Amino acid sequence: MTSDAPLPAARLFDLLGAEYERSYRDLPEQRAALEWLSARLPAGAQVLDVGSGTGVPTARTLSDNGFRVVGIDVSPVMIDAAKRQVPCATFHQADVREYSIEPSSLAAVCAFFPLLQMTRADIDASLARMASWLRPGGYLIFATVPADLEQVDIVFMGHPAVVSSYATPDLLDRLRSAGLEVLEARETTFTPDLEGATPEPHVFVYCRRPA
């Protein structure tokens, strides 16, 4: 650890790079969510991957399944890796809080753990933004670490960070407040491929914008 000061998300994931992909690459529930989504989208559907990281597995899986994928991430190191690993997708260094896209234009949005380093107010606003980008009948697959946290200091993979989240019932309320229908919430645990790692609680929420 180089500093005790919490790192912003872009700097944290610049430092983690491929180590993050290696440690979290085999999330069974993430792969199940991508299979679920792929079975419901029409050929060539446009999908946005928020917090796309290195492009693996989300952008690669969806691109391999014939969808048009755009990924955004705040980390330039992650974006460079994604462009190399998934050349058939498009990637932009961008923050979901500022990214601009036509409302009601997407068939789906995937957001696997991208909002943890935000305030709750920014989490709420980001959920509403992502919901607004979906066409009627479009899907949002959202995953996070469920916990009743507001701007709490932690150490993540050896680096200091500040995180916020919601316990699952409150998260589902926030998604509904964003205008989404919650279809299913799958709670699970996952142990990262890291020395000394302990199981993490995860929740994967399948949502749809009402037609």
# chains A, B, ... in the order shown; residues from 1 in each chain; ligands from 1
>>> residues_around(residues="A:Arg120", least_positions_apart="5", cutoff="7 Å", atoms="only C-alpha atoms", output="JSON, numbers by chain")
{"A": [150, 164, 165]}
>>> closest_atom_pairs(of="stretch 71-176 of chain A", to="stretch 196-210 of chain A", cutoff="10 Å", atoms="only C-alpha atoms", output="Markdown table")
| residue | atom | partner | partner_atom | distance |
| --- | --- | --- | --- | --- |
| A:Ser104 | CA | A:Arg209 | CA | 9.6 |
| A:Ala107 | CA | A:Arg209 | CA | 9.9 |
| A:Ala108 | CA | A:Arg208 | CA | 8.8 |
| A:Val109 | CA | A:Cys207 | CA | 9.8 |
| A:Cys110 | CA | A:Tyr206 | CA | 9.7 |
| A:Ala111 | CA | A:Phe204 | CA | 9.7 |
| A:Phe112 | CA | A:Phe204 | CA | 8.2 |
| A:Phe113 | CA | A:His202 | CA | 9.2 |
| A:Ala131 | CA | A:Arg209 | CA | 6.9 |
| A:Ser132 | CA | A:Arg209 | CA | 8.6 |
| A:Trp133 | CA | A:Arg209 | CA | 9.7 |
| A:Leu134 | CA | A:Arg209 | CA | 6.7 |
| A:Arg135 | CA | A:Arg209 | CA | 7.2 |
| A:Pro136 | CA | A:Arg209 | CA | 5.4 |
| A:Gly137 | CA | A:Arg209 | CA | 5.2 |
| A:Gly138 | CA | A:Arg209 | CA | 5.5 |
| A:Tyr139 | CA | A:Arg208 | CA | 4.4 |
| A:Leu140 | CA | A:Cys207 | CA | 5.0 |
| A:Ile141 | CA | A:Tyr206 | CA | 4.9 |
| A:Phe142 | CA | A:Val205 | CA | 5.2 |
| A:Ala143 | CA | A:Phe204 | CA | 4.4 |
| A:Thr144 | CA | A:Val203 | CA | 5.7 |
| A:Val145 | CA | A:His202 | CA | 4.7 |
| A:Pro146 | CA | A:His202 | CA | 6.2 |
| A:Ala147 | CA | A:Pro201 | CA | 8.6 |
| A:Met157 | CA | A:Ala197 | CA | 9.2 |
| A:Ala167 | CA | A:Val203 | CA | 9.5 |
| A:Thr168 | CA | A:Val203 | CA | 7.3 |
| A:Leu171 | CA | A:Val205 | CA | 9.3 |
| A:Leu172 | CA | A:Val205 | CA | 8.1 |
| A:Leu175 | CA | A:Cys207 | CA | 8.1 |
| A:Arg176 | CA | A:Cys207 | CA | 8.9 |
>>> atom_distance(atom1="atom CA of A:Leu12", atom2="atom CA of A:Lys83")
19.3 Å
>>> residues_around(residues="A:Pro6", least_positions_apart="5", cutoff="12 Å", atoms="only C-alpha atoms", output="PyMOL selection string")
chain A and resi 1+11-12+117+151-156+158-163
>>> write_last_selection(atoms="C-alpha atoms", output="compact mmCIF listing (two decimals), in the first residue's frame")
# COMPACT_ATOMS: atom_id res chain seq x y z
CA MET A 1 0.00 0.00 0.00
CA ARG A 11 -6.67 5.33 -9.69
CA LEU A 12 -7.55 2.17 -7.76
CA GLN A 117 -17.08 3.92 -4.73
CA GLN A 151 -18.86 6.34 2.79
CA VAL A 152 -17.02 3.74 4.85
CA ASP A 153 -13.23 3.33 4.70
CA ILE A 154 -12.05 -0.14 3.63
CA VAL A 155 -8.96 -1.82 2.23
CA PHE A 156 -9.64 -3.51 -1.12
CA GLY A 158 -4.35 -3.97 -0.53
CA HIS A 159 -5.45 -0.42 -1.33
CA PRO A 160 -7.54 2.06 0.68
CA ALA A 161 -10.95 3.03 -0.67
CA VAL A 162 -14.23 4.56 0.48
CA VAL A 163 -17.42 2.65 -0.33
>>> closest_atom_pairs(of="stretch 8-52 of chain A", to="stretch 180-189 of chain A", cutoff="10 Å", atoms="only C-alpha atoms", output="tab-separated table")
residue	atom	partner	partner_atom	distance
A:Leu27	CA	A:Thr189	CA	9.5
A:Pro28	CA	A:Thr188	CA	9.7
A:Glu29	CA	A:Thr188	CA	7.8
A:Ala33	CA	A:Arg186	CA	9.7
>>> residues_around(residues="A:Ser52", least_positions_apart="6", cutoff="8 Å", atoms="only C-alpha atoms", output="ChimeraX atom specification")
/A:58-59,71-73,78-79,82
>>> residues_around(residues="A:Val86", least_positions_apart="3", cutoff="9 Å", atoms="only C-alpha atoms", output="JSON, numbers by chain")
{"A": [54, 55, 56, 59, 60, 63, 81, 82, 83, 89, 90]}
>>> select_by_dssp(residues="chain A", states="helix (DSSP H, G or I)", output="JSON, numbers by chain")
{"A": [9, 10, 11, 12, 13, 14, 15, 16, 18, 19, 20, 21, 22, 23, 24, 28, 29, 30, 31, 32, 33, 34, 35, 36, 37, 38, 58, 59, 60, 61, 62, 63, 64, 76, 77, 78, 79, 80, 81, 82, 83, 84, 85, 120, 121, 122, 123, 124, 125, 126, 127, 128, 129, 130, 131, 132, 133, 168, 169, 170, 171, 172, 173, 174, 175, 176, 177]}
>>> atom_distance(atom1="atom CA of A:Leu48", atom2="atom CA of A:Val70")
5.0 Å
>>> closest_residue(among="A:Val77, A:Ala128, A:Ile123, A:Leu149", to="A:Glu19", atoms="only C-alpha atoms")
A:Val77
>>> atom_distance(atom1="atom CA of A:Pro8", atom2="atom CA of A:Leu127")
19.8 Å
>>> residues_around(residues="A:Gly44", least_positions_apart="2", cutoff="6 Å", atoms="only C-alpha atoms", output="PyMOL selection string")
chain A and resi 66-68
>>> write_last_selection(atoms="all heavy atoms", output="PDB file, in the first residue's frame")
ATOM      1  N   GLY A  66     -23.118 -12.204 -30.298  1.00  0.00           N
ATOM      2  CA  GLY A  66     -23.693 -11.485 -31.431  1.00  0.00           C
ATOM      3  C   GLY A  66     -24.307 -10.140 -31.120  1.00  0.00           C
ATOM      4  O   GLY A  66     -25.002  -9.565 -31.976  1.00  0.00           O
ATOM      5  N   PHE A  67     -24.051  -9.591 -29.947  1.00  0.00           N
ATOM      6  CA  PHE A  67     -24.619  -8.294 -29.584  1.00  0.00           C
ATOM      7  C   PHE A  67     -23.611  -7.172 -29.815  1.00  0.00           C
ATOM      8  O   PHE A  67     -22.398  -7.391 -29.797  1.00  0.00           O
ATOM      9  CB  PHE A  67     -25.090  -8.316 -28.127  1.00  0.00           C
ATOM     10  CG  PHE A  67     -26.025  -9.460 -27.834  1.00  0.00           C
ATOM     11  CD1 PHE A  67     -25.696 -10.449 -26.929  1.00  0.00           C
ATOM     12  CD2 PHE A  67     -27.231  -9.572 -28.510  1.00  0.00           C
ATOM     13  CE1 PHE A  67     -26.535 -11.514 -26.671  1.00  0.00           C
ATOM     14  CE2 PHE A  67     -28.097 -10.633 -28.273  1.00  0.00           C
ATOM     15  CZ  PHE A  67     -27.746 -11.608 -27.360  1.00  0.00           C
ATOM     16  N   ARG A  68     -24.134  -5.972 -30.006  1.00  0.00           N
ATOM     17  CA  ARG A  68     -23.289  -4.783 -30.186  1.00  0.00           C
ATOM     18  C   ARG A  68     -23.023  -4.189 -28.805  1.00  0.00           C
ATOM     19  O   ARG A  68     -23.933  -3.684 -28.160  1.00  0.00           O
ATOM     20  CB  ARG A  68     -23.984  -3.774 -31.097  1.00  0.00           C
ATOM     21  CG  ARG A  68     -24.132  -4.249 -32.541  1.00  0.00           C
ATOM     22  CD  ARG A  68     -24.896  -3.245 -33.391  1.00  0.00           C
ATOM     23  NE  ARG A  68     -26.285  -3.118 -32.944  1.00  0.00           N
ATOM     24  CZ  ARG A  68     -26.932  -1.966 -32.807  1.00  0.00           C
ATOM     25  NH1 ARG A  68     -26.319  -0.823 -33.035  1.00  0.00           N
ATOM     26  NH2 ARG A  68     -28.194  -1.956 -32.431  1.00  0.00           N
TER      27      ARG A  68
END
>>> select_by_dssp(residues="chain A", states="strand (DSSP E or B)", output="VMD selection string")
chain A and resid 46 to 50 68 to 73 90 to 93 106 to 112 134 to 144 149 to 156 159 to 165 181 to 190 200 to 208
>>> write_last_selection(atoms="C-alpha atoms", output="PDB file, in the first residue's frame")
ATOM      1  CA  GLN A  46     -27.178  -2.893 -28.345  1.00  0.00           C
ATOM      2  CA  VAL A  47     -25.854  -3.393 -24.794  1.00  0.00           C
ATOM      3  CA  LEU A  48     -23.942  -1.040 -22.526  1.00  0.00           C
ATOM      4  CA  ASP A  49     -21.430  -2.503 -20.072  1.00  0.00           C
ATOM      5  CA  VAL A  50     -20.982  -0.021 -17.206  1.00  0.00           C
ATOM      6  CA  ARG A  68     -23.289  -4.783 -30.186  1.00  0.00           C
ATOM      7  CA  VAL A  69     -21.448  -3.889 -27.004  1.00  0.00           C
ATOM      8  CA  VAL A  70     -20.195  -0.552 -25.747  1.00  0.00           C
ATOM      9  CA  GLY A  71     -18.221  -0.525 -22.518  1.00  0.00           C
ATOM     10  CA  ILE A  72     -17.414   2.416 -20.260  1.00  0.00           C
ATOM     11  CA  ASP A  73     -14.974   2.550 -17.375  1.00  0.00           C
ATOM     12  CA  THR A  90     -16.281  -0.379 -28.394  1.00  0.00           C
ATOM     13  CA  PHE A  91     -14.861   1.099 -25.203  1.00  0.00           C
ATOM     14  CA  HIS A  92     -14.759   4.627 -23.799  1.00  0.00           C
ATOM     15  CA  GLN A  93     -13.114   6.050 -20.716  1.00  0.00           C
ATOM     16  CA  LEU A 106     -30.553   0.380 -25.326  1.00  0.00           C
ATOM     17  CA  ALA A 107     -31.792  -3.192 -25.195  1.00  0.00           C
ATOM     18  CA  ALA A 108     -29.822  -3.829 -22.002  1.00  0.00           C
ATOM     19  CA  VAL A 109     -27.368  -2.424 -19.499  1.00  0.00           C
ATOM     20  CA  CYS A 110     -24.984  -4.567 -17.450  1.00  0.00           C
ATOM     21  CA  ALA A 111     -23.510  -3.024 -14.320  1.00  0.00           C
ATOM     22  CA  PHE A 112     -21.421  -5.486 -12.355  1.00  0.00           C
ATOM     23  CA  LEU A 134     -33.304   1.393 -21.623  1.00  0.00           C
ATOM     24  CA  ARG A 135     -35.973   1.055 -24.245  1.00  0.00           C
ATOM     25  CA  PRO A 136     -39.333  -0.144 -22.898  1.00  0.00           C
ATOM     26  CA  GLY A 137     -38.921  -3.839 -22.197  1.00  0.00           C
ATOM     27  CA  GLY A 138     -35.132  -3.481 -21.888  1.00  0.00           C
ATOM     28  CA  TYR A 139     -33.126  -5.133 -19.143  1.00  0.00           C
ATOM     29  CA  LEU A 140     -30.736  -3.974 -16.443  1.00  0.00           C
ATOM     30  CA  ILE A 141     -28.546  -6.569 -14.751  1.00  0.00           C
ATOM     31  CA  PHE A 142     -27.047  -4.973 -11.655  1.00  0.00           C
ATOM     32  CA  ALA A 143     -24.656  -6.481  -9.136  1.00  0.00           C
ATOM     33  CA  THR A 144     -23.115  -5.150  -5.953  1.00  0.00           C
ATOM     34  CA  LEU A 149     -22.782   1.375   4.216  1.00  0.00           C
ATOM     35  CA  GLU A 150     -22.380   5.086   3.545  1.00  0.00           C
ATOM     36  CA  GLN A 151     -18.864   6.344   2.789  1.00  0.00           C
ATOM     37  CA  VAL A 152     -17.017   3.740   4.850  1.00  0.00           C
ATOM     38  CA  ASP A 153     -13.232   3.330   4.699  1.00  0.00           C
ATOM     39  CA  ILE A 154     -12.054  -0.137   3.634  1.00  0.00           C
ATOM     40  CA  VAL A 155      -8.962  -1.825   2.230  1.00  0.00           C
ATOM     41  CA  PHE A 156      -9.639  -3.508  -1.120  1.00  0.00           C
ATOM     42  CA  HIS A 159      -5.446  -0.415  -1.326  1.00  0.00           C
ATOM     43  CA  PRO A 160      -7.543   2.062   0.682  1.00  0.00           C
ATOM     44  CA  ALA A 161     -10.948   3.032  -0.667  1.00  0.00           C
ATOM     45  CA  VAL A 162     -14.233   4.564   0.483  1.00  0.00           C
ATOM     46  CA  VAL A 163     -17.417   2.655  -0.329  1.00  0.00           C
ATOM     47  CA  SER A 164     -21.176   2.950  -0.067  1.00  0.00           C
ATOM     48  CA  SER A 165     -23.923   0.424  -0.684  1.00  0.00           C
ATOM     49  CA  GLU A 181     -39.472  -3.838 -12.419  1.00  0.00           C
ATOM     50  CA  VAL A 182     -37.394  -6.194 -10.279  1.00  0.00           C
ATOM     51  CA  LEU A 183     -37.692  -9.669 -11.773  1.00  0.00           C
ATOM     52  CA  GLU A 184     -35.309 -11.550  -9.500  1.00  0.00           C
ATOM     53  CA  ALA A 185     -32.587 -10.985  -6.911  1.00  0.00           C
ATOM     54  CA  ARG A 186     -29.987 -13.688  -6.475  1.00  0.00           C
ATOM     55  CA  GLU A 187     -27.874 -13.477  -3.315  1.00  0.00           C
ATOM     56  CA  THR A 188     -24.691 -15.497  -3.183  1.00  0.00           C
ATOM     57  CA  THR A 189     -21.132 -15.477  -1.880  1.00  0.00           C
ATOM     58  CA  PHE A 190     -17.858 -15.554  -3.751  1.00  0.00           C
ATOM     59  CA  GLU A 200     -17.877 -11.826  -0.080  1.00  0.00           C
ATOM     60  CA  PRO A 201     -21.649 -11.395  -0.177  1.00  0.00           C
ATOM     61  CA  HIS A 202     -22.953 -10.513  -3.640  1.00  0.00           C
ATOM     62  CA  VAL A 203     -26.388  -9.748  -5.010  1.00  0.00           C
ATOM     63  CA  PHE A 204     -27.324  -9.927  -8.699  1.00  0.00           C
ATOM     64  CA  VAL A 205     -30.580  -8.181  -9.585  1.00  0.00           C
ATOM     65  CA  TYR A 206     -32.428  -8.810 -12.831  1.00  0.00           C
ATOM     66  CA  CYS A 207     -34.596  -5.827 -13.789  1.00  0.00           C
ATOM     67  CA  ARG A 208     -36.740  -4.730 -16.701  1.00  0.00           C
TER      68      ARG A 208
END
>>> residues_around(residues="A:Val74", least_positions_apart="3", cutoff="7 Å", atoms="only C-alpha atoms", output="list in words")
Ala10, Gln93, Ala94 and Asp95 of chain A
>>> decode(residues="stretch 148-162 of chain A", atoms="all heavy atoms", output="short mmCIF file (atom, residue, chain, number, x, y, z; two decimals), in the first residue's frame")
data_model
loop_
_atom_site.label_atom_id
_atom_site.label_comp_id
_atom_site.auth_asym_id
_atom_site.auth_seq_id
_atom_site.Cartn_x
_atom_site.Cartn_y
_atom_site.Cartn_z
N ASP A 148 -25.25 -2.21 4.42
CA ASP A 148 -25.77 -0.92 4.86
C ASP A 148 -24.57 -0.01 5.17
O ASP A 148 -24.14 0.12 6.32
CB ASP A 148 -26.65 -1.11 6.10
CG ASP A 148 -27.31 0.18 6.55
OD1 ASP A 148 -27.27 1.17 5.79
OD2 ASP A 148 -27.87 0.21 7.66
N LEU A 149 -24.01 0.59 4.11
CA LEU A 149 -22.78 1.37 4.22
C LEU A 149 -22.94 2.73 3.54
O LEU A 149 -23.49 2.81 2.43
CB LEU A 149 -21.61 0.64 3.55
CG LEU A 149 -21.23 -0.75 4.07
CD1 LEU A 149 -20.13 -1.32 3.18
CD2 LEU A 149 -20.78 -0.67 5.51
N GLU A 150 -22.43 3.75 4.16
CA GLU A 150 -22.38 5.09 3.55
C GLU A 150 -21.01 5.69 3.80
O GLU A 150 -20.66 6.04 4.92
CB GLU A 150 -23.48 5.99 4.12
CG GLU A 150 -23.39 7.47 3.72
CD GLU A 150 -23.71 7.74 2.25
OE1 GLU A 150 -24.33 6.86 1.61
OE2 GLU A 150 -23.35 8.81 1.75
N GLN A 151 -20.19 5.73 2.74
CA GLN A 151 -18.86 6.34 2.79
C GLN A 151 -18.01 5.77 3.93
O GLN A 151 -17.54 6.47 4.82
CB GLN A 151 -18.99 7.86 2.91
CG GLN A 151 -19.62 8.52 1.68
CD GLN A 151 -18.72 8.41 0.44
OE1 GLN A 151 -17.84 9.24 0.24
NE2 GLN A 151 -18.93 7.38 -0.38
N VAL A 152 -17.79 4.47 3.84
CA VAL A 152 -17.02 3.74 4.85
C VAL A 152 -15.63 3.43 4.29
O VAL A 152 -15.49 3.00 3.14
CB VAL A 152 -17.74 2.44 5.24
CG1 VAL A 152 -16.86 1.58 6.14
CG2 VAL A 152 -19.05 2.76 5.95
N ASP A 153 -14.60 3.64 5.09
CA ASP A 153 -13.23 3.33 4.70
C ASP A 153 -12.99 1.82 4.75
O ASP A 153 -13.30 1.17 5.76
CB ASP A 153 -12.24 4.01 5.63
CG ASP A 153 -12.23 5.52 5.48
OD1 ASP A 153 -12.17 6.01 4.34
OD2 ASP A 153 -12.28 6.23 6.51
N ILE A 154 -12.41 1.28 3.68
CA ILE A 154 -12.05 -0.14 3.63
C ILE A 154 -10.68 -0.27 2.99
O ILE A 154 -10.12 0.70 2.47
CB ILE A 154 -13.07 -0.99 2.84
CG1 ILE A 154 -13.03 -0.62 1.35
CG2 ILE A 154 -14.48 -0.85 3.41
CD1 ILE A 154 -13.69 -1.63 0.45
N VAL A 155 -10.14 -1.48 3.02
CA VAL A 155 -8.96 -1.82 2.23
C VAL A 155 -9.41 -2.89 1.23
O VAL A 155 -9.91 -3.94 1.62
CB VAL A 155 -7.81 -2.35 3.11
CG1 VAL A 155 -6.66 -2.82 2.24
CG2 VAL A 155 -7.35 -1.26 4.07
N PHE A 156 -9.22 -2.59 -0.06
CA PHE A 156 -9.64 -3.51 -1.12
C PHE A 156 -8.42 -3.93 -1.92
O PHE A 156 -7.74 -3.10 -2.53
CB PHE A 156 -10.67 -2.85 -2.03
CG PHE A 156 -11.13 -3.73 -3.16
CD1 PHE A 156 -11.90 -4.86 -2.91
CD2 PHE A 156 -10.79 -3.44 -4.47
CE1 PHE A 156 -12.32 -5.68 -3.93
CE2 PHE A 156 -11.20 -4.25 -5.52
CZ PHE A 156 -11.97 -5.37 -5.23
N MET A 157 -8.12 -5.22 -1.89
CA MET A 157 -6.97 -5.76 -2.61
C MET A 157 -5.70 -4.97 -2.28
O MET A 157 -4.88 -4.68 -3.16
CB MET A 157 -7.24 -5.82 -4.12
CG MET A 157 -8.38 -6.76 -4.48
SD MET A 157 -8.71 -6.89 -6.27
CE MET A 157 -7.22 -7.73 -6.84
N GLY A 158 -5.56 -4.63 -1.00
CA GLY A 158 -4.35 -3.97 -0.53
C GLY A 158 -4.32 -2.47 -0.66
O GLY A 158 -3.32 -1.84 -0.31
N HIS A 159 -5.41 -1.87 -1.12
CA HIS A 159 -5.45 -0.42 -1.33
C HIS A 159 -6.63 0.20 -0.58
O HIS A 159 -7.71 -0.39 -0.50
CB HIS A 159 -5.56 -0.09 -2.81
CG HIS A 159 -4.42 -0.61 -3.63
ND1 HIS A 159 -3.20 0.01 -3.68
CD2 HIS A 159 -4.32 -1.72 -4.42
CE1 HIS A 159 -2.39 -0.68 -4.47
NE2 HIS A 159 -3.04 -1.72 -4.93
N PRO A 160 -6.46 1.40 -0.06
CA PRO A 160 -7.54 2.06 0.68
C PRO A 160 -8.60 2.63 -0.26
O PRO A 160 -8.28 3.14 -1.34
CB PRO A 160 -6.83 3.18 1.45
CG PRO A 160 -5.65 3.52 0.59
CD PRO A 160 -5.22 2.22 -0.05
N ALA A 161 -9.84 2.51 0.13
CA ALA A 161 -10.95 3.03 -0.67
C ALA A 161 -12.09 3.42 0.27
O ALA A 161 -12.11 3.04 1.44
CB ALA A 161 -11.42 1.99 -1.67
N VAL A 162 -13.02 4.19 -0.24
CA VAL A 162 -14.23 4.56 0.48
C VAL A 162 -15.42 4.03 -0.30
O VAL A 162 -15.52 4.26 -1.51
CB VAL A 162 -14.35 6.09 0.66
CG1 VAL A 162 -15.67 6.46 1.33
CG2 VAL A 162 -13.19 6.63 1.47
#
